[in-house]
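Notes to accompany the following structure.
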Amino acid sequence: MGAFYPKAGMAQGLQRLSHAHRVVVCGRWSSDCIREEERAMASVLDDPELFPILPWDPQHGWEGDVQRRQGLESIAECGFTMAGFVQARDLPLCRRLGLGAIYLDETNPRVRAAQWSAMDDDAIDATVRRWVEATADSRALYGYYLGDEPGANDFSGLGRAVDAVKRHAPDKLAYINLFPDYATIGTRQLAKDLSQLQTDSYGEYLERFVSEVRPQFISWDNYMVQYSQDLRNIEPATSYYRNLLQVRDVASRHGLPFWQIVSSNQIRPTTTIPSPANLLLQAYTTLAAGGHSVGWYTYYARGYGYAPIDADEQRTPTWYHLAEVNRQIRSLGPVMNRLTSHEVRFSGGGPVPGLPGLPGEIIRGVECSEPLMLGSFCDDVGGDYVMVVNTSLERSAKFRLELGPERAVESRYCPAAGAFRPVAPDEARWLVAGEGVLLRVR
């Protein structure tokens, strides 16, 4: 890792929580549950009921020998839908808790993206087959961890590993997480310690990943909300929004879902700490851009301050803040899974310069003293939706939308109720710092 790059680790999550995972009769699986779960297996990557919320952590550490007091039960209680990276022995408990899981090879928990390039096709095939055989009986399994933050030189080997997963486990995810746009650039001739991306631009890095790896989705991490001192420093704040929109654009053009990993700890001793506002903002801006997952780096302290679980395996105030954010996103997720992202706009000049402004196709204007992020969506029967995010981390925002002709706000989604609630069409609405709301438009 470069000296500026925040993280020394790995990846993120996927989409699956079948009806069978949520229906348990007296602690035993009914025959109806089993049949429903078997039907879900064929479409594990497309299950609309699960929005992946992932703790970006190996359950047993990167050496594979850590025993947690705050383990999978704690993760489920905090509102996650995914368990993070687990070993085969964890999968039965993941199933009982209703958590999806990504398998991390217990014989090689420090698996690196670069290792695949050093393996021939037979060795890659044998490795993936061994993983599939080790996890064949689990219906909690969501996918397999292949590596984190590859340079472009690693793409060829990763592509062969992804092909092997598709061949032996076509209903599972091949999990790879990418660098953010502030990783160091440079051509493949540069030494690895001088170039993390091993390309001349971040755009080239993304495009080559898609064409050479042939992934099922794009995952990346960006911790600039906290690096920017809660968006007060413009250059790192700009990186956060620029990176989000650039990945959104590439994913959209190639028909791929995208997952963003954001920060739930004090990523460096000089940065701001997790707060209700910056946790909300990171989650809701991901949703407003059309993201298909929110991952949190990290759940366990692992040397970081203010993590949800501290070095003594105790819950911190961050745990309770994160549980509330996860509760909201978990409620919203199945609704968002059924929507298609249309466009992203920003009001009031946006939180940073250079972002796409109003008017948009649905949203013509906004009355608000704070800058807003506005994502528009449609469903499969022609309904329109708008997600509004207060991008201020200091002040609440009262807003009123000006919509296109013959459009009016009909209802807002209430995460606590798990349903849309009617609103007056011209009613002004409030958002606390960092908060978002999904509105249905008629």
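Residue numbering restarts at 1 in every chain; chains get A, B, ... in the order shown in the structure tokens, and ligands count up from 1 in that same order.
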Would you please give, as an mmCIF file with N, CA and C atoms, in the first residue's frame, all residues of segment 215-403 of chain A that DSSP assigns to alpha helix (DSSP H) based on the backbone?
```cif
data_model
loop_
_atom_site.group_PDB
_atom_site.id
_atom_site.type_symbol
_atom_site.label_atom_id
_atom_site.label_comp_id
_atom_site.auth_asym_id
_atom_site.auth_seq_id
_atom_site.Cartn_x
_atom_site.Cartn_y
_atom_site.Cartn_z
ATOM 1 N N MET A 224 -12.773 9.235 2.039
ATOM 2 C CA MET A 224 -12.479 10.646 1.997
ATOM 3 C C MET A 224 -13.459 11.524 2.782
ATOM 4 N N VAL A 225 -14.597 10.994 3.166
ATOM 5 C CA VAL A 225 -15.477 11.795 4.021
ATOM 6 C C VAL A 225 -14.753 12.134 5.318
ATOM 7 N N GLN A 226 -14.063 11.167 5.890
ATOM 8 C CA GLN A 226 -13.331 11.445 7.122
ATOM 9 C C GLN A 226 -11.955 12.048 6.853
ATOM 10 N N TYR A 227 -11.295 11.633 5.773
ATOM 11 C CA TYR A 227 -10.025 12.283 5.431
ATOM 12 C C TYR A 227 -10.211 13.777 5.186
ATOM 13 N N ILE A 234 -11.719 20.664 0.687
ATOM 14 C CA ILE A 234 -12.387 20.477 -0.593
ATOM 15 C C ILE A 234 -11.756 19.375 -1.442
ATOM 16 N N GLU A 235 -10.432 19.306 -1.539
ATOM 17 C CA GLU A 235 -9.821 18.333 -2.451
ATOM 18 C C GLU A 235 -10.178 16.896 -2.094
ATOM 19 N N PRO A 236 -9.989 16.442 -0.839
ATOM 20 C CA PRO A 236 -10.410 15.066 -0.542
ATOM 21 C C PRO A 236 -11.920 14.878 -0.590
ATOM 22 N N ALA A 237 -12.692 15.913 -0.239
ATOM 23 C CA ALA A 237 -14.145 15.802 -0.352
ATOM 24 C C ALA A 237 -14.565 15.598 -1.803
ATOM 25 N N THR A 238 -13.887 16.303 -2.716
ATOM 26 C CA THR A 238 -14.182 16.148 -4.136
ATOM 27 C C THR A 238 -13.900 14.730 -4.595
ATOM 28 N N SER A 239 -12.817 14.111 -4.072
ATOM 29 C CA SER A 239 -12.494 12.733 -4.434
ATOM 30 C C SER A 239 -13.648 11.803 -4.112
ATOM 31 N N TYR A 240 -14.306 12.008 -2.968
ATOM 32 C CA TYR A 240 -15.392 11.110 -2.583
ATOM 33 C C TYR A 240 -16.505 11.121 -3.631
ATOM 34 N N TYR A 241 -16.983 12.297 -3.997
ATOM 35 C CA TYR A 241 -18.088 12.384 -4.949
ATOM 36 C C TYR A 241 -17.643 12.023 -6.370
ATOM 37 N N ARG A 242 -16.448 12.462 -6.753
ATOM 38 C CA ARG A 242 -15.950 12.145 -8.097
ATOM 39 C C ARG A 242 -15.829 10.639 -8.279
ATOM 40 N N ASN A 243 -15.261 9.953 -7.283
ATOM 41 C CA ASN A 243 -15.069 8.508 -7.357
ATOM 42 C C ASN A 243 -16.428 7.788 -7.446
ATOM 43 N N LEU A 244 -17.385 8.231 -6.641
ATOM 44 C CA LEU A 244 -18.720 7.628 -6.639
ATOM 45 C C LEU A 244 -19.378 7.746 -8.011
ATOM 46 N N LEU A 245 -19.321 8.933 -8.600
ATOM 47 C CA LEU A 245 -19.975 9.138 -9.890
ATOM 48 C C LEU A 245 -19.227 8.446 -11.018
ATOM 49 N N GLN A 246 -17.901 8.361 -10.927
ATOM 50 C CA GLN A 246 -17.144 7.705 -11.993
ATOM 51 C C GLN A 246 -17.414 6.203 -12.012
ATOM 52 N N VAL A 247 -17.435 5.568 -10.838
ATOM 53 C CA VAL A 247 -17.749 4.146 -10.808
ATOM 54 C C VAL A 247 -19.191 3.921 -11.265
ATOM 55 N N ARG A 248 -20.096 4.800 -10.822
ATOM 56 C CA ARG A 248 -21.490 4.686 -11.265
ATOM 57 C C ARG A 248 -21.582 4.714 -12.786
ATOM 58 N N ASP A 249 -20.841 5.617 -13.411
ATOM 59 C CA ASP A 249 -20.895 5.742 -14.866
ATOM 60 C C ASP A 249 -20.372 4.483 -15.549
ATOM 61 N N VAL A 250 -19.229 3.973 -15.103
ATOM 62 C CA VAL A 250 -18.656 2.773 -15.724
ATOM 63 C C VAL A 250 -19.574 1.576 -15.506
ATOM 64 N N ALA A 251 -20.067 1.420 -14.273
ATOM 65 C CA ALA A 251 -20.954 0.297 -13.982
ATOM 66 C C ALA A 251 -22.221 0.362 -14.824
ATOM 67 N N SER A 252 -22.780 1.553 -14.975
ATOM 68 C CA SER A 252 -23.999 1.712 -15.751
ATOM 69 C C SER A 252 -23.772 1.353 -17.219
ATOM 70 N N ARG A 253 -22.669 1.824 -17.789
ATOM 71 C CA ARG A 253 -22.401 1.553 -19.199
ATOM 72 C C ARG A 253 -22.189 0.073 -19.479
ATOM 73 N N PRO A 276 -22.988 10.054 13.872
ATOM 74 C CA PRO A 276 -24.271 9.750 13.221
ATOM 75 C C PRO A 276 -24.391 10.420 11.859
ATOM 76 N N ALA A 277 -23.910 11.671 11.748
ATOM 77 C CA ALA A 277 -24.055 12.402 10.492
ATOM 78 C C ALA A 277 -23.178 11.824 9.389
ATOM 79 N N ASN A 278 -21.878 11.579 9.655
ATOM 80 C CA ASN A 278 -21.054 11.110 8.534
ATOM 81 C C ASN A 278 -21.321 9.652 8.181
ATOM 82 N N LEU A 279 -21.823 8.854 9.127
ATOM 83 C CA LEU A 279 -22.250 7.504 8.776
ATOM 84 C C LEU A 279 -23.495 7.554 7.896
ATOM 85 N N LEU A 280 -24.470 8.379 8.264
ATOM 86 C CA LEU A 280 -25.667 8.540 7.440
ATOM 87 C C LEU A 280 -25.310 9.007 6.035
ATOM 88 N N LEU A 281 -24.452 10.016 5.932
ATOM 89 C CA LEU A 281 -24.118 10.573 4.626
ATOM 90 C C LEU A 281 -23.453 9.538 3.727
ATOM 91 N N GLN A 282 -22.520 8.771 4.259
ATOM 92 C CA GLN A 282 -21.839 7.773 3.440
ATOM 93 C C GLN A 282 -22.823 6.721 2.918
ATOM 94 N N ALA A 283 -23.764 6.316 3.768
ATOM 95 C CA ALA A 283 -24.739 5.320 3.346
ATOM 96 C C ALA A 283 -25.729 5.895 2.336
ATOM 97 N N TYR A 284 -26.296 7.062 2.633
ATOM 98 C CA TYR A 284 -27.351 7.599 1.775
ATOM 99 C C TYR A 284 -26.816 8.114 0.440
ATOM 100 N N THR A 285 -25.601 8.636 0.397
ATOM 101 C CA THR A 285 -25.059 9.040 -0.905
ATOM 102 C C THR A 285 -24.795 7.823 -1.787
ATOM 103 N N THR A 286 -24.393 6.690 -1.184
ATOM 104 C CA THR A 286 -24.247 5.457 -1.959
ATOM 105 C C THR A 286 -25.575 5.046 -2.558
ATOM 106 N N LEU A 287 -26.633 5.085 -1.756
ATOM 107 C CA LEU A 287 -27.960 4.721 -2.254
ATOM 108 C C LEU A 287 -28.435 5.694 -3.328
ATOM 109 N N ALA A 288 -28.249 6.985 -3.092
ATOM 110 C CA ALA A 288 -28.750 7.986 -4.043
ATOM 111 C C ALA A 288 -28.077 7.872 -5.403
ATOM 112 N N PRO A 317 -19.763 3.687 21.331
ATOM 113 C CA PRO A 317 -20.878 4.495 20.807
ATOM 114 C C PRO A 317 -21.050 4.358 19.294
ATOM 115 N N THR A 318 -19.942 4.141 18.555
ATOM 116 C CA THR A 318 -20.054 3.953 17.110
ATOM 117 C C THR A 318 -20.940 2.765 16.769
ATOM 118 N N TRP A 319 -20.894 1.714 17.575
ATOM 119 C CA TRP A 319 -21.732 0.530 17.321
ATOM 120 C C TRP A 319 -23.206 0.927 17.281
ATOM 121 N N TYR A 320 -23.613 1.748 18.233
ATOM 122 C CA TYR A 320 -25.029 2.128 18.317
ATOM 123 C C TYR A 320 -25.405 3.091 17.195
ATOM 124 N N HIS A 321 -24.500 4.003 16.832
ATOM 125 C CA HIS A 321 -24.762 4.870 15.670
ATOM 126 C C HIS A 321 -24.913 4.024 14.409
ATOM 127 N N LEU A 322 -23.989 3.076 14.227
ATOM 128 C CA LEU A 322 -24.005 2.258 13.019
ATOM 129 C C LEU A 322 -25.238 1.353 12.969
ATOM 130 N N ALA A 323 -25.649 0.834 14.113
ATOM 131 C CA ALA A 323 -26.840 -0.014 14.137
ATOM 132 C C ALA A 323 -28.065 0.743 13.639
ATOM 133 N N GLU A 324 -28.173 2.020 13.986
ATOM 134 C CA GLU A 324 -29.314 2.810 13.525
ATOM 135 C C GLU A 324 -29.226 3.061 12.021
ATOM 136 N N VAL A 325 -28.047 3.383 11.511
ATOM 137 C CA VAL A 325 -27.898 3.586 10.067
ATOM 138 C C VAL A 325 -28.200 2.285 9.327
ATOM 139 N N ASN A 326 -27.656 1.169 9.811
ATOM 140 C CA ASN A 326 -27.925 -0.121 9.179
ATOM 141 C C ASN A 326 -29.412 -0.455 9.198
ATOM 142 N N ARG A 327 -30.102 -0.101 10.295
ATOM 143 C CA ARG A 327 -31.538 -0.365 10.373
ATOM 144 C C ARG A 327 -32.274 0.343 9.242
ATOM 145 N N GLN A 328 -31.922 1.593 9.000
ATOM 146 C CA GLN A 328 -32.575 2.340 7.938
ATOM 147 C C GLN A 328 -32.259 1.760 6.564
ATOM 148 N N ILE A 329 -30.993 1.458 6.317
ATOM 149 C CA ILE A 329 -30.590 0.951 5.008
ATOM 150 C C ILE A 329 -31.147 -0.447 4.780
ATOM 151 N N ARG A 330 -31.187 -1.247 5.822
ATOM 152 C CA ARG A 330 -31.747 -2.600 5.693
ATOM 153 C C ARG A 330 -33.220 -2.538 5.313
ATOM 154 N N SER A 331 -33.947 -1.570 5.863
ATOM 155 C CA SER A 331 -35.352 -1.403 5.519
ATOM 156 C C SER A 331 -35.518 -0.902 4.090
ATOM 157 N N LEU A 332 -34.689 0.051 3.699
ATOM 158 C CA LEU A 332 -34.770 0.629 2.360
ATOM 159 C C LEU A 332 -34.274 -0.312 1.261
ATOM 160 N N GLY A 333 -33.334 -1.185 1.594
ATOM 161 C CA GLY A 333 -32.642 -1.972 0.586
ATOM 162 C C GLY A 333 -33.530 -2.721 -0.380
ATOM 163 N N PRO A 334 -34.510 -3.511 0.091
ATOM 164 C CA PRO A 334 -35.358 -4.235 -0.856
ATOM 165 C C PRO A 334 -36.131 -3.310 -1.790
ATOM 166 N N VAL A 335 -36.485 -2.103 -1.331
ATOM 167 C CA VAL A 335 -37.146 -1.131 -2.206
ATOM 168 C C VAL A 335 -36.165 -0.666 -3.272
ATOM 169 N N MET A 336 -34.940 -0.314 -2.870
ATOM 170 C CA MET A 336 -33.939 0.171 -3.817
ATOM 171 C C MET A 336 -33.562 -0.903 -4.828
ATOM 172 N N ASN A 337 -33.567 -2.176 -4.403
ATOM 173 C CA ASN A 337 -33.220 -3.264 -5.324
ATOM 174 C C ASN A 337 -34.164 -3.344 -6.513
#
```
As a PyMOL selection string, please: all residues of segment 298-359 of chain A that backbone DSSP puts in strand (DSSP E or B). chain A and resi 300+305+309+315+340-346+357
Polymer residues at most 7 Å from Leu403 of chain A, only C-alpha atoms, same-chain spacing of 4 or more positions, as a short mmCIF file (atom, residue, chain, number, x, y, z; two decimals) with C-alpha atoms, in the first residue's frame:
```
data_model
loop_
_atom_site.label_atom_id
_atom_site.label_comp_id
_atom_site.auth_asym_id
_atom_site.auth_seq_id
_atom_site.Cartn_x
_atom_site.Cartn_y
_atom_site.Cartn_z
CA ILE A 362 -37.57 14.98 -12.92
CA ILE A 363 -36.23 17.58 -10.47
CA ARG A 364 -36.30 21.10 -11.90
CA GLY A 365 -35.26 22.99 -8.82
CA ARG A 407 -45.40 15.60 -11.28
CA ALA A 408 -45.84 15.85 -7.52
#
```
Selection near Glu106 of chain A, 12 Å with only C-alpha atoms, sequence-local residues under 5 positions removed, as a JSON list (two decimals) with N, CA and C atoms, in the first residue's frame:
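Below you can see selection-v8.json, which holds the result:
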```
[["chain", "number", "residue", "atom", "x", "y", "z"],
["A", 58, "PRO", "N", -12.41, -9.90, 8.25],
["A", 58, "PRO", "CA", -12.35, -11.36, 8.34],
["A", 58, "PRO", "C", -12.78, -11.77, 9.75],
["A", 59, "GLN", "N", -13.73, -12.66, 9.86],
["A", 59, "GLN", "CA", -14.27, -13.01, 11.17],
["A", 59, "GLN", "C", -13.19, -13.55, 12.11],
["A", 60, "HIS", "N", -12.16, -14.21, 11.57],
["A", 60, "HIS", "CA", -11.10, -14.79, 12.41],
["A", 60, "HIS", "C", -9.75, -14.12, 12.17],
["A", 61, "GLY", "N", -9.77, -12.90, 11.63],
["A", 61, "GLY", "CA", -8.53, -12.18, 11.39],
["A", 61, "GLY", "C", -7.83, -12.67, 10.14],
["A", 62, "TRP", "N", -6.85, -11.89, 9.69],
["A", 62, "TRP", "CA", -6.15, -12.23, 8.46],
["A", 62, "TRP", "C", -5.18, -13.39, 8.63],
["A", 63, "GLU", "N", -4.95, -13.83, 9.86],
["A", 63, "GLU", "CA", -4.18, -15.05, 10.07],
["A", 63, "GLU", "C", -5.08, -16.25, 10.27],
["A", 64, "GLY", "N", -6.37, -16.01, 10.46],
["A", 64, "GLY", "CA", -7.33, -17.11, 10.56],
["A", 64, "GLY", "C", -7.43, -17.76, 11.91],
["A", 65, "ASP", "N", -6.89, -17.12, 12.95],
["A", 65, "ASP", "CA", -6.86, -17.78, 14.27],
["A", 65, "ASP", "C", -7.47, -16.94, 15.38],
["A", 66, "VAL", "N", -8.21, -15.88, 15.06],
["A", 66, "VAL", "CA", -8.81, -15.02, 16.08],
["A", 66, "VAL", "C", -10.16, -15.59, 16.50],
["A", 85, "PHE", "N", -16.18, -11.85, 5.92],
["A", 85, "PHE", "CA", -15.40, -12.94, 5.35],
["A", 85, "PHE", "C", -15.23, -14.03, 6.40],
["A", 86, "VAL", "N", -15.75, -15.22, 6.11],
["A", 86, "VAL", "CA", -15.84, -16.26, 7.13],
["A", 86, "VAL", "C", -15.19, -17.54, 6.64],
["A", 87, "GLN", "N", -14.99, -18.46, 7.58],
["A", 87, "GLN", "CA", -14.50, -19.79, 7.27],
["A", 87, "GLN", "C", -15.70, -20.75, 7.15],
["A", 88, "ALA", "N", -15.43, -21.94, 6.63],
["A", 88, "ALA", "CA", -16.51, -22.91, 6.42],
["A", 88, "ALA", "C", -17.22, -23.24, 7.72],
["A", 89, "ARG", "N", -16.50, -23.25, 8.84],
["A", 89, "ARG", "CA", -17.12, -23.60, 10.13],
["A", 89, "ARG", "C", -18.14, -22.56, 10.59],
["A", 90, "ASP", "N", -18.07, -21.34, 10.03],
["A", 90, "ASP", "CA", -19.00, -20.28, 10.43],
["A", 90, "ASP", "C", -20.33, -20.34, 9.68],
["A", 111, "VAL", "N", -4.96, -14.39, 1.35],
["A", 111, "VAL", "CA", -4.96, -14.49, -0.11],
["A", 111, "VAL", "C", -4.84, -13.11, -0.73],
["A", 130, "ARG", "N", -11.81, -26.78, -4.71],
["A", 130, "ARG", "CA", -11.66, -27.10, -3.29],
["A", 130, "ARG", "C", -12.54, -26.21, -2.44],
["A", 131, "TRP", "N", -12.61, -24.92, -2.77],
["A", 131, "TRP", "CA", -13.49, -24.01, -2.03],
["A", 131, "TRP", "C", -14.95, -24.42, -2.15],
["A", 134, "ALA", "N", -15.70, -27.43, -0.10],
["A", 134, "ALA", "CA", -15.70, -27.15, 1.34],
["A", 134, "ALA", "C", -16.96, -26.45, 1.82],
["A", 135, "THR", "N", -17.68, -25.81, 0.90],
["A", 135, "THR", "CA", -18.85, -25.01, 1.27],
["A", 135, "THR", "C", -20.13, -25.50, 0.61],
["A", 144, "TYR", "N", -17.15, -16.01, -2.88],
["A", 144, "TYR", "CA", -15.78, -16.38, -2.53],
["A", 144, "TYR", "C", -14.87, -15.17, -2.66],
["A", 145, "TYR", "N", -14.05, -14.99, -1.66],
["A", 145, "TYR", "CA", -13.12, -13.85, -1.61],
["A", 145, "TYR", "C", -11.89, -14.15, -2.47]]
```
Give me the residues within 10 Å of segment 77-82 of chain A as a ChimeraX atom specification, counting only C-alpha atoms and dropping any in the same chain fewer than 2 places off. /A:12-17,50-56,72-75,84-85,94,97-102,140-142,294-296,299,308,319-331
